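See below for the structure under consideration.
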Amino acid sequence: MKSYFLTMIAAFISLITLAQQPLQRVKGQVIDTESQQSVIGANVIITSVNPIIGASTDADGNFSIEDVPVGRHAFKISSMGYDDAFIQEITVGSGKEVELRIKLTESFKKLDEVVIKAQKENGAPLNDMVSVSGRSFTVDQTKRYAAAVNDPARMALSFAGVATNDDGSNQIIVRGNSPKGMLWRMEGVEIPNPNHFAQEGSSGGGISALSANVLGNSDFLTGAFPAEYGNATSGVFDLKLRKGNSDKREYALQAGILGLDFAAEGPLGPKGGASYLANYRYSTLSIMNKIGLNVSGDYVNDFQDGAFKIYIPYGEKAVVTVWGMGGLSKSTVDNEDFKERFKSDRGVAGVNLIRYVNSKSYFENILSYSATREQNDLFDKERSDTFQHKFINQAFRFSSLYNYKLNARNTFRLGIVVNYLDFNLFEKNDEDGPSLVHLNQKGNTQLFQAYAQWKYRISPTVTANLGMHAMLLALNDQHSVEPRMGLKWAVAPRHTVSFGAGVHSKTEAISTYFAQINAGQDKTELFNKNLKLMKSAHFVAGHEYRPSAGWRIATEAYYQHHYNVPIGPANTTTPFLRYGSLLNEISGFVSDSLVSSGKGRSYGVELTLEKSLTNGIYFMSTTSLYQSKYTGRDGVERDSRFNGKFVQNVLAGKEWKVGKRKTNIFAANVKMLAAGGNRATPVDLNMSRIENKTVYDWSKSYSEQLPVYFRTDVRVSYTKNNRKTTSTLSLDLQNITNRLNAFDRYYDSKEDKVTLIKQTGLLPILNYRLEF
């Protein structure tokens, strides 16, 4: 009797402890990778708890696991006839339910064949037709990595093959290529540059307009892209917006130096799976300025942004999503040297319809609208020069995709994209003459794209992805037909080799085609209107070794040949045109006469050593050794502006479970970066004195390299899980050693010397987040 009584007391205490333990629900859907159809009866188990818990999927592929302890968890997903999938680093907090969308690849075997399964591992691209130079990233990584600060572009700076040259911008240099070659996609369609304070034709800006509250897991590609990705030569961000919770309403509040955020999500209408998700952010600096606290010096910066997604299942055969994002930003300054007002606004909205034809095929049709407006009015008080420009670009896009899974071996994907581009462009600069107008054009044109892809699983260990992309710019009838191919081969347990090749092309910014160039006798001509599409041929070979579930060692070597590159015309006497190339440009508008006869090349090798977050520890080291060259009008091959030659990243982090019930998390993260310094063109001091402004010696373009770029970033955070809420307090200390890295040089007329421009020093960023 005494023993029975003690057992009852122990059980009662255990129940009380369990009741006090913060728990949460994990739910989601398991689908077939190729056909997007539901996988019925799949087992989803959480392997990081003891005893393990899990659930099976229903007739719609949905699953729900109740009473999951808060913390980080690993999942194993299995189903008869499919290769197993493994997911790690899933954060379960008490403030929000976790929803997963899991893809399984159908397996097949031949008699008497030794099968080496190429299982879906952590970090593998979401797009199963990516063979090389691609990886997925999670929203958690954008929050966790030191110096990322919820920004996918800054987070990607930690990956192999990626560099930057400016602390004040998130533009990224992929494998030594100009940031202009980047493609941003959202929900399957091209979008404008999603960054605040962005310039015409650029791919980055000062602050990301993307919110971690609405982003889902996405892909980042650095070369040899599959056929569905067009109008890109350097890299691709393929972003996804997550679906809002269709069962309960949830909210998130966030306050930090970058802004005040509010996010809401929940079910729409009666039970049926429809949901909404929305986020709005307003600049904290703007609020401080309005109450009289000027913390940004001469510059007054103001920005706000928002995003949303509405998800509506329509019967059992269709899903409609309505989504959008946008941002407004402006910067003003008025000091003794100059007065400037800069505005940069952007927005995009789309409607996606997915229609499941049968168990093997589906259509996805997308209709989207986007617009950007950039305006700058600058007055140089010392020189009495004015500079004005206003660029308004609009795009209507229709995209249609048809996917057909013939069997476990063969999947086909066909698609078209029609882009209707409208523009209203103006630029005037007094520096080049009395009110010389470089640009004053209105009109429209079209860009047509089509692609075909075939995924062929030659055996359980070998998969080939073959495709073709075609593009036509109606403005000047320039077209491109681009073959693509990729191959992955699991040569042995835990070893995979890969190869990829393809031709890729990119249009210039519309403003470059319509630059009004002086033709003499007070006349201008559109010399750039017939520029060809710039092309880049990519070749990549790689090897990946996964010694265990949490570790990976990846090596890739690549070679890229660039041609049809805009450079100066044959008879040019302008130094910048004779020795330069658009491969060196960061933004898209060029007001000089150009011809498509330049070339360049990039080549290198990359090594990634990565331990995903398991047992509270993660680690990643990426080493990139590369060369980036260009050939200008004079026929001489030179180092490109972006030829830093090396980048070395080291990231590490540790999490500790703290508190009485060990449900709270204290985390410390560090990132160390060393990279080749920015390349610079020497300043011609004598000519600068004569003209009283910076004059470069373009015959020695980018021949000098500034000192090595080095910085260390640290992030610490404390996350507290209460019964129904999760709160996180974090502090990012960027450039903790306060090293003032070199950015560029210019002629200082007041000091009569060449002065070094230094970059940002120590920058603390405090942030608080509440989920409920």
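Chain identifiers are assigned as A, B, and so on, following the order in which chains appear in the structure tokens; residues are numbered from 1 within each chain, and ligands are numbered from 1 in order of appearance.
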DSSP-assigned helix (DSSP H, G or I) members of region 124-194 of chain A, reported as an mmCIF file with N, CA and C atoms, in the first residue's frame:
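Writing the result to states_17.cif gives the following:
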data_model
loop_
_atom_site.group_PDB
_atom_site.id
_atom_site.type_symbol
_atom_site.label_atom_id
_atom_site.label_comp_id
_atom_site.auth_asym_id
_atom_site.auth_seq_id
_atom_site.Cartn_x
_atom_site.Cartn_y
_atom_site.Cartn_z
ATOM 1 N N VAL A 139 14.235 31.116 -42.177
ATOM 2 C CA VAL A 139 14.031 32.401 -41.512
ATOM 3 C C VAL A 139 14.798 32.435 -40.200
ATOM 4 N N ASP A 140 14.890 31.292 -39.540
ATOM 5 C CA ASP A 140 15.624 31.221 -38.281
ATOM 6 C C ASP A 140 17.081 31.626 -38.469
ATOM 7 N N GLN A 141 17.678 31.256 -39.607
ATOM 8 C CA GLN A 141 19.067 31.636 -39.854
ATOM 9 C C GLN A 141 19.215 33.135 -40.032
ATOM 10 N N THR A 142 18.246 33.780 -40.691
ATOM 11 C CA THR A 142 18.325 35.234 -40.856
ATOM 12 C C THR A 142 18.199 35.942 -39.507
ATOM 13 N N LYS A 143 17.530 35.302 -38.562
ATOM 14 C CA LYS A 143 17.420 35.873 -37.225
ATOM 15 C C LYS A 143 18.657 35.569 -36.370
ATOM 16 N N ARG A 144 19.238 34.376 -36.579
ATOM 17 C CA ARG A 144 20.260 33.879 -35.665
ATOM 18 C C ARG A 144 21.676 34.302 -36.033
ATOM 19 N N PRO A 152 17.813 38.552 -45.540
ATOM 20 C CA PRO A 152 18.332 37.415 -46.309
ATOM 21 C C PRO A 152 19.620 37.732 -47.050
ATOM 22 N N ALA A 153 19.756 38.946 -47.602
ATOM 23 C CA ALA A 153 20.966 39.297 -48.351
ATOM 24 C C ALA A 153 22.180 39.332 -47.436
ATOM 25 N N ARG A 154 22.055 39.946 -46.271
ATOM 26 C CA ARG A 154 23.193 39.990 -45.345
ATOM 27 C C ARG A 154 23.492 38.606 -44.777
ATOM 28 N N MET A 155 22.464 37.772 -44.594
ATOM 29 C CA MET A 155 22.701 36.404 -44.150
ATOM 30 C C MET A 155 23.492 35.625 -45.194
ATOM 31 N N ALA A 156 23.167 35.855 -46.504
ATOM 32 C CA ALA A 156 23.841 35.129 -47.583
ATOM 33 C C ALA A 156 25.310 35.471 -47.688
ATOM 34 N N PRO A 179 26.794 42.980 -58.779
ATOM 35 C CA PRO A 179 25.487 42.736 -58.147
ATOM 36 C C PRO A 179 24.312 42.948 -59.101
ATOM 37 N N LYS A 180 24.527 43.656 -60.216
ATOM 38 C CA LYS A 180 23.443 43.880 -61.178
ATOM 39 C C LYS A 180 22.909 42.582 -61.763
ATOM 40 N N GLY A 181 23.723 41.521 -61.731
ATOM 41 C CA GLY A 181 23.304 40.254 -62.331
ATOM 42 C C GLY A 181 22.392 39.415 -61.465
#
Show me, as a Markdown table, the residues of region 571-648 of chain A having an atom within 9 Å of region 185-208 of chain A, each with the closest atom pair and its distance in Å, using only C-alpha atoms.
| residue | atom | partner | partner_atom | distance |
| --- | --- | --- | --- | --- |
| A:Ile586 | CA | A:Ser202 | CA | 6.2 |
| A:Ser587 | CA | A:Ser202 | CA | 4.3 |
| A:Gly588 | CA | A:Gly201 | CA | 3.7 |
| A:Phe589 | CA | A:Gly201 | CA | 6.3 |
Take the residues just selected and output them with C-alpha atoms as a PDB file, in the first residue's frame.
ATOM      1  CA  ILE A 586      26.855  48.369 -59.335  1.00  0.00           C
ATOM      2  CA  SER A 587      23.780  50.283 -60.486  1.00  0.00           C
ATOM      3  CA  GLY A 588      22.131  50.033 -63.868  1.00  0.00           C
ATOM      4  CA  PHE A 589      21.966  53.493 -65.458  1.00  0.00           C
TER       5      PHE A 589
END
Using DSSP on the backbone, list every residue of region 280-359 of chain A that comes out as strand (DSSP E), and give them as a ChimeraX atom specification. /A:280-282,300-314,318-334,338-356
For Gln394 (chain A): contacts at 9 Å, only C-alpha atoms, fewer than 6 positions along chain excluded, given as an mmCIF file with all heavy atoms, in the first residue's frame:
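Contents of out31.cif, as written:
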data_model
loop_
_atom_site.group_PDB
_atom_site.id
_atom_site.type_symbol
_atom_site.label_atom_id
_atom_site.label_comp_id
_atom_site.auth_asym_id
_atom_site.auth_seq_id
_atom_site.Cartn_x
_atom_site.Cartn_y
_atom_site.Cartn_z
ATOM 1 N N TYR A 369 1.800 42.614 -60.584
ATOM 2 C CA TYR A 369 2.070 44.004 -60.945
ATOM 3 C C TYR A 369 3.128 44.532 -59.990
ATOM 4 O O TYR A 369 3.072 44.294 -58.774
ATOM 5 C CB TYR A 369 0.815 44.866 -60.841
ATOM 6 C CG TYR A 369 1.110 46.351 -60.894
ATOM 7 C CD1 TYR A 369 1.404 46.973 -62.108
ATOM 8 C CD2 TYR A 369 1.119 47.112 -59.733
ATOM 9 C CE1 TYR A 369 1.695 48.333 -62.160
ATOM 10 C CE2 TYR A 369 1.398 48.477 -59.770
ATOM 11 C CZ TYR A 369 1.685 49.081 -60.986
ATOM 12 O OH TYR A 369 1.983 50.418 -61.031
ATOM 13 N N SER A 370 4.120 45.248 -60.519
ATOM 14 C CA SER A 370 5.141 45.841 -59.671
ATOM 15 C C SER A 370 5.460 47.242 -60.170
ATOM 16 O O SER A 370 5.259 47.563 -61.347
ATOM 17 C CB SER A 370 6.417 44.987 -59.660
ATOM 18 O OG SER A 370 7.001 44.930 -60.953
ATOM 19 N N ALA A 371 5.962 48.066 -59.273
ATOM 20 C CA ALA A 371 6.325 49.438 -59.628
ATOM 21 C C ALA A 371 7.458 49.911 -58.727
ATOM 22 O O ALA A 371 7.525 49.553 -57.543
ATOM 23 C CB ALA A 371 5.116 50.369 -59.490
ATOM 24 N N THR A 372 8.355 50.699 -59.308
ATOM 25 C CA THR A 372 9.411 51.348 -58.541
ATOM 26 C C THR A 372 9.470 52.819 -58.936
ATOM 27 O O THR A 372 9.197 53.179 -60.086
ATOM 28 C CB THR A 372 10.790 50.708 -58.784
ATOM 29 O OG1 THR A 372 11.140 50.862 -60.168
ATOM 30 C CG2 THR A 372 10.781 49.238 -58.421
ATOM 31 N N ARG A 373 9.818 53.652 -57.974
ATOM 32 C CA ARG A 373 10.005 55.072 -58.232
ATOM 33 C C ARG A 373 11.230 55.532 -57.462
ATOM 34 O O ARG A 373 11.313 55.378 -56.249
ATOM 35 C CB ARG A 373 8.792 55.884 -57.790
ATOM 36 C CG ARG A 373 8.961 57.393 -57.997
ATOM 37 C CD ARG A 373 7.743 58.172 -57.536
ATOM 38 N NE ARG A 373 7.500 57.959 -56.111
ATOM 39 C CZ ARG A 373 6.426 58.419 -55.468
ATOM 40 N NH1 ARG A 373 5.494 59.067 -56.131
ATOM 41 N NH2 ARG A 373 6.260 58.192 -54.175
ATOM 42 N N TYR A 420 5.263 42.914 -69.422
ATOM 43 C CA TYR A 420 4.921 44.193 -70.069
ATOM 44 C C TYR A 420 5.551 45.289 -69.221
ATOM 45 O O TYR A 420 5.188 45.481 -68.056
ATOM 46 C CB TYR A 420 3.414 44.369 -70.153
ATOM 47 C CG TYR A 420 2.987 45.680 -70.777
ATOM 48 C CD1 TYR A 420 2.876 45.804 -72.162
ATOM 49 C CD2 TYR A 420 2.707 46.787 -69.977
ATOM 50 C CE1 TYR A 420 2.492 47.006 -72.733
ATOM 51 C CE2 TYR A 420 2.318 47.993 -70.544
ATOM 52 C CZ TYR A 420 2.212 48.094 -71.928
ATOM 53 O OH TYR A 420 1.842 49.286 -72.496
ATOM 54 N N LEU A 421 6.524 46.006 -69.779
ATOM 55 C CA LEU A 421 7.338 46.957 -69.038
ATOM 56 C C LEU A 421 7.010 48.382 -69.464
ATOM 57 O O LEU A 421 7.125 48.718 -70.648
ATOM 58 C CB LEU A 421 8.822 46.668 -69.271
ATOM 59 C CG LEU A 421 9.267 45.204 -69.072
ATOM 60 C CD1 LEU A 421 10.718 45.032 -69.459
ATOM 61 C CD2 LEU A 421 9.019 44.763 -67.634
ATOM 62 N N ASP A 422 6.617 49.204 -68.515
ATOM 63 C CA ASP A 422 6.282 50.600 -68.774
ATOM 64 C C ASP A 422 7.287 51.488 -68.033
ATOM 65 O O ASP A 422 7.669 51.181 -66.896
ATOM 66 C CB ASP A 422 4.854 50.891 -68.286
ATOM 67 C CG ASP A 422 4.411 52.302 -68.613
ATOM 68 O OD1 ASP A 422 3.860 52.498 -69.705
ATOM 69 O OD2 ASP A 422 4.634 53.193 -67.764
ATOM 70 N N PHE A 423 7.714 52.592 -68.674
ATOM 71 C CA PHE A 423 8.749 53.415 -68.064
ATOM 72 C C PHE A 423 8.509 54.903 -68.321
ATOM 73 O O PHE A 423 7.936 55.300 -69.337
ATOM 74 C CB PHE A 423 10.135 53.010 -68.573
ATOM 75 C CG PHE A 423 10.242 52.957 -70.079
ATOM 76 C CD1 PHE A 423 10.578 54.087 -70.813
ATOM 77 C CD2 PHE A 423 10.002 51.769 -70.754
ATOM 78 C CE1 PHE A 423 10.673 54.030 -72.199
ATOM 79 C CE2 PHE A 423 10.099 51.712 -72.145
ATOM 80 C CZ PHE A 423 10.430 52.853 -72.867
ATOM 81 N N ASN A 424 8.954 55.710 -67.353
ATOM 82 C CA ASN A 424 8.935 57.164 -67.446
ATOM 83 C C ASN A 424 10.232 57.644 -66.793
ATOM 84 O O ASN A 424 10.377 57.618 -65.564
ATOM 85 C CB ASN A 424 7.716 57.733 -66.726
ATOM 86 C CG ASN A 424 7.580 59.240 -66.901
ATOM 87 O OD1 ASN A 424 8.496 59.907 -67.362
ATOM 88 N ND2 ASN A 424 6.429 59.773 -66.509
#
Any idea what the distance is between CA of Ser536 (chain A) and CA of Leu183 (chain A)?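 It comes out at 14.1 Å.
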Rank A:Asn767, A:Ser169, A:Asn279, A:Asn177 by their smallest atom-to-atom distance to Tyr626 (chain A), using only C-alpha atoms, and report the top residue only.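 Between A:Asn767, A:Ser169, A:Asn279, A:Asn177, the residue approaching Tyr626 (chain A) most closely is A:Asn177.
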Using only C-alpha atoms, find the one residue out of A:Ser459, A:Gly134, A:Phe303, A:Asn50 that sits nearest to Ala554 (chain A).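 Selected residue with least distance to Ala554 (chain A): A:Gly134.
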Which residues, written as an MDAnalysis selection string, have at least one atom at most 10 Å from Ser511 (chain A), with only C-alpha atoms counted and residues fewer than 4 positions away on the same chain left out? chainID A and resid 200:201 391:393 423:427 438:441 515:516 528:529 588:591
In Å, rounded to a single decimal, give me how far CA of Ala668 (chain A) is from CA of Tyr618 (chain A).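 Here the two named atoms are 10.7 Å from each other.
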Could you name the residues that touch region 705-722 of chain A at 7 Å or less, counting only C-alpha atoms, but leaving out those on the same chain fewer than 2 positions away, as a PyMOL selection string? chain A and resi 22+93-94+146-147+663-680+703+724-737+739+741-742
Please list as number ranges by chain every residue within 10 Å of Gly269 (chain A), counting only C-alpha atoms and excluding residues in the same chain fewer than 5 positions away. A: 246, 274-275, 312
Could the residues in this selection be written to a file with all heavy atoms, as a PDB file, in the first residue's frame?
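As written to disk, selection21.pdb reads:
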ATOM      1  N   SER A 246      -4.102  28.715 -40.135  1.00  0.00           N
ATOM      2  CA  SER A 246      -5.510  28.595 -40.512  1.00  0.00           C
ATOM      3  C   SER A 246      -6.399  28.113 -39.367  1.00  0.00           C
ATOM      4  O   SER A 246      -7.604  27.938 -39.555  1.00  0.00           O
ATOM      5  CB  SER A 246      -5.653  27.640 -41.707  1.00  0.00           C
ATOM      6  OG  SER A 246      -5.145  26.366 -41.382  1.00  0.00           O
ATOM      7  N   ALA A 274      -8.483  28.361 -45.150  1.00  0.00           N
ATOM      8  CA  ALA A 274      -8.092  29.684 -45.624  1.00  0.00           C
ATOM      9  C   ALA A 274      -7.437  30.470 -44.483  1.00  0.00           C
ATOM     10  O   ALA A 274      -7.808  30.326 -43.318  1.00  0.00           O
ATOM     11  CB  ALA A 274      -9.288  30.441 -46.160  1.00  0.00           C
ATOM     12  N   SER A 275      -6.462  31.336 -44.834  1.00  0.00           N
ATOM     13  CA  SER A 275      -5.755  32.082 -43.805  1.00  0.00           C
ATOM     14  C   SER A 275      -5.229  33.399 -44.353  1.00  0.00           C
ATOM     15  O   SER A 275      -5.157  33.593 -45.574  1.00  0.00           O
ATOM     16  CB  SER A 275      -4.582  31.256 -43.250  1.00  0.00           C
ATOM     17  OG  SER A 275      -3.593  31.051 -44.253  1.00  0.00           O
ATOM     18  N   ILE A 312      -6.160  30.706 -49.950  1.00  0.00           N
ATOM     19  CA  ILE A 312      -7.549  30.247 -50.041  1.00  0.00           C
ATOM     20  C   ILE A 312      -7.609  28.927 -50.823  1.00  0.00           C
ATOM     21  O   ILE A 312      -7.469  28.926 -52.057  1.00  0.00           O
ATOM     22  CB  ILE A 312      -8.442  31.292 -50.747  1.00  0.00           C
ATOM     23  CG1 ILE A 312      -8.315  32.657 -50.069  1.00  0.00           C
ATOM     24  CG2 ILE A 312      -9.895  30.830 -50.763  1.00  0.00           C
ATOM     25  CD1 ILE A 312      -9.018  33.772 -50.805  1.00  0.00           C
TER      26      ILE A 312
END
